[in-house]
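Asker: This structure is in structure tokens; I'll ask about it shortly.
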Amino acid sequence: MHEALDLLARVPGVLAFLLALTIVAECCSAAGVFDDLARRLVTVGRGHVPATWLLFLLTTGVVTALLGLDTTAVLMTSAAIVVARRLRAPVAMFAFPTLWLANMASLWLPVSNLTNLLARGHLDTTSSLGFLALAWPVALTTTLVPLLCAAVIWRPAFRPFDGHDRPGRRSPCTTAPDDTSASAPLPQQRSARRSVAVITLLMCAAILVVEPWMTAGVAALCCVLALALLTPERLREITLPWRSLLITTALFVAVAVLHGSGALDPLVRTLDDAPAWALTLSGAGLANATNNLPAYLALEPAAHDATRVLALLIGVNVASGLTWWGSVATLLWRERLRREGVTVSWRRHLLLTGSTTFITTAAALAVLALTR
């Protein structure tokens, strides 16, 4: 019963952070921050596919770390499609790594994934910088390994289409169906975009030293005020995540009830004395069978120290993307692709994501064993 009450006590802060961060992301989308980011990355890359690809994915990793995997799944997936079409490159070579980094690069900070926020109470520190100090070797591994896997998989796509192109270079599309920059933005729109971008950057910096839900709450309020003053018509585009909040609350309550009733005690006792990698495998299996959030909550009592907490996070974060429902980010990613007319077959997803997940998980466990 004590564990159930402790779990429920953490609900308000997590839900407040989820609501505030979603509002910030919605404001960024309404202001066109990420569309502008996509265009700028193509410009900086000068039409060179390998350079633009690497620059885009490194940016994706940073967005995941600072703004959370769901923001990456929604906004960076849309940006990935914009960049790919502007370069006339395969959408898959940008879209799949975006999903992988959304799930796998979400070990850097507590704000990167809701499971990390929950895990802070089981670590030696509750600060974002303290979490980073513990998790960075594993987080660096789970960020770089998917990039290497993707580079190997799509290496042929870096070659030119014909002999008239220089190696690894595409001519950026001058016109495209998805080009939102056909007409120059109004001064108010540019001001709104810059204001929201600056507020978001300040939030990302402050969140390292201030309680995440408080920082995100202030940023959300400031972003809404900026849009209301500069482009009030854009406020209609902001939708609050009531469904996600209700589902997350229901998951908290359901797992708390299971813990309180003792239904999960046999599973926890089995894993109590098991090696850390057993927590990773159990977390991965349970996450892909249900979802990563209830999977973490169910197995959390078996994570007695920092090493075991990180091992569990590897399972429920890094290895949760095999099924569509393993993480909310995967569902959001798939839905965003559908809206843009891009379909992904289950077989291709399982092949590419499965192989990358296996390699990344194995590498993360090896680094965890060497550094803890």
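In the structure tokens, chains take the letters A, B, ... in the order shown, each chain's residues start at 1, and ligands count up from 1 in the order shown.
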Taking the DSSP assignment computed from this structure's backbone, write out as a PyMOL selection string all residues of stretch 95-244 of chain A that belong to helix (DSSP H, G or I).
Answerer: chain A and resi 95-104+110-112+114-122+128-153+155-158+187-206+212-230+232-237+242-244
Asker: Skip A:Ile247 itself and residues of its chain fewer than 6 positions away, then list as an MDAnalysis selection string all residues within 12 Å of it, counting only C-alpha atoms.
Answerer: chainID A and resid 15 18 241 253:254 291 293:294 328
Asker: Could you pull the residues within 6 Å of stretch 261-276 of chain A, counting only C-alpha atoms, minus those fewer than 2 positions along the same chain, as a PyMOL selection string?
Answerer: chain A and resi 258-259+278-279+302+308+311
Asker: When you look at A:Leu75 with a cut-off of 12 Å (counting only C-alpha atoms), what residues show up, excluding the ones that are within fewer than 2 positions of it in the same chain? I need them as a PyMOL selection string.
Answerer: chain A and resi 22+24-38+60+63-64+67-73+77-82+95+98-99+102+329+332-333+335-337
Asker: For the selection you just gave me, I'd like the residues written to a file as a PDB file, in the first residue's frame, keeping C-alpha atoms.
Answerer:
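New file part-v9.pdb:
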ATOM      1  CA  THR A  22       2.519  19.817 -24.830  1.00  0.00           C
ATOM      2  CA  VAL A  24       4.849  24.637 -25.576  1.00  0.00           C
ATOM      3  CA  ALA A  25       5.139  22.128 -28.437  1.00  0.00           C
ATOM      4  CA  GLU A  26       1.735  23.174 -29.803  1.00  0.00           C
ATOM      5  CA  CYS A  27       2.801  26.822 -29.714  1.00  0.00           C
ATOM      6  CA  CYS A  28       6.004  25.943 -31.572  1.00  0.00           C
ATOM      7  CA  SER A  29       3.957  24.144 -34.203  1.00  0.00           C
ATOM      8  CA  ALA A  30       1.443  27.003 -34.542  1.00  0.00           C
ATOM      9  CA  ALA A  31       4.250  29.556 -34.856  1.00  0.00           C
ATOM     10  CA  GLY A  32       6.044  27.449 -37.479  1.00  0.00           C
ATOM     11  CA  VAL A  33       9.229  27.071 -35.437  1.00  0.00           C
ATOM     12  CA  PHE A  34       9.997  23.547 -36.600  1.00  0.00           C
ATOM     13  CA  ASP A  35       9.021  24.178 -40.234  1.00  0.00           C
ATOM     14  CA  ASP A  36      11.454  27.064 -40.218  1.00  0.00           C
ATOM     15  CA  LEU A  37      14.059  24.842 -38.569  1.00  0.00           C
ATOM     16  CA  ALA A  38      13.678  22.263 -41.347  1.00  0.00           C
ATOM     17  CA  THR A  60      16.559  15.584 -33.475  1.00  0.00           C
ATOM     18  CA  VAL A  63      15.126  18.079 -29.310  1.00  0.00           C
ATOM     19  CA  THR A  64      14.415  14.667 -27.775  1.00  0.00           C
ATOM     20  CA  LEU A  67      11.729  18.691 -25.220  1.00  0.00           C
ATOM     21  CA  GLY A  68      10.831  15.041 -24.860  1.00  0.00           C
ATOM     22  CA  LEU A  69      10.263  12.127 -27.201  1.00  0.00           C
ATOM     23  CA  ASP A  70       6.635  13.005 -27.991  1.00  0.00           C
ATOM     24  CA  THR A  71       7.682  16.430 -29.303  1.00  0.00           C
ATOM     25  CA  THR A  72      10.192  14.690 -31.550  1.00  0.00           C
ATOM     26  CA  ALA A  73       7.612  12.156 -32.734  1.00  0.00           C
ATOM     27  CA  THR A  77       8.712  13.839 -37.966  1.00  0.00           C
ATOM     28  CA  SER A  78       6.922  16.582 -39.891  1.00  0.00           C
ATOM     29  CA  ALA A  79      10.247  18.381 -40.282  1.00  0.00           C
ATOM     30  CA  ALA A  80      11.844  15.138 -41.502  1.00  0.00           C
ATOM     31  CA  ILE A  81       9.303  14.893 -44.314  1.00  0.00           C
ATOM     32  CA  VAL A  82       9.897  18.529 -45.287  1.00  0.00           C
ATOM     33  CA  ALA A  95      11.667   9.305 -40.764  1.00  0.00           C
ATOM     34  CA  THR A  98      13.675  10.226 -36.144  1.00  0.00           C
ATOM     35  CA  LEU A  99      11.569   7.538 -34.459  1.00  0.00           C
ATOM     36  CA  ALA A 102      12.720   9.735 -30.134  1.00  0.00           C
ATOM     37  CA  ALA A 329       5.850   8.375 -29.450  1.00  0.00           C
ATOM     38  CA  LEU A 332       2.311   9.661 -32.811  1.00  0.00           C
ATOM     39  CA  TRP A 333       5.082   9.072 -35.352  1.00  0.00           C
ATOM     40  CA  GLU A 335      -0.049   8.935 -37.303  1.00  0.00           C
ATOM     41  CA  ARG A 336       2.028  11.924 -38.412  1.00  0.00           C
ATOM     42  CA  LEU A 337       3.397   9.934 -41.367  1.00  0.00           C
TER      43      LEU A 337
END
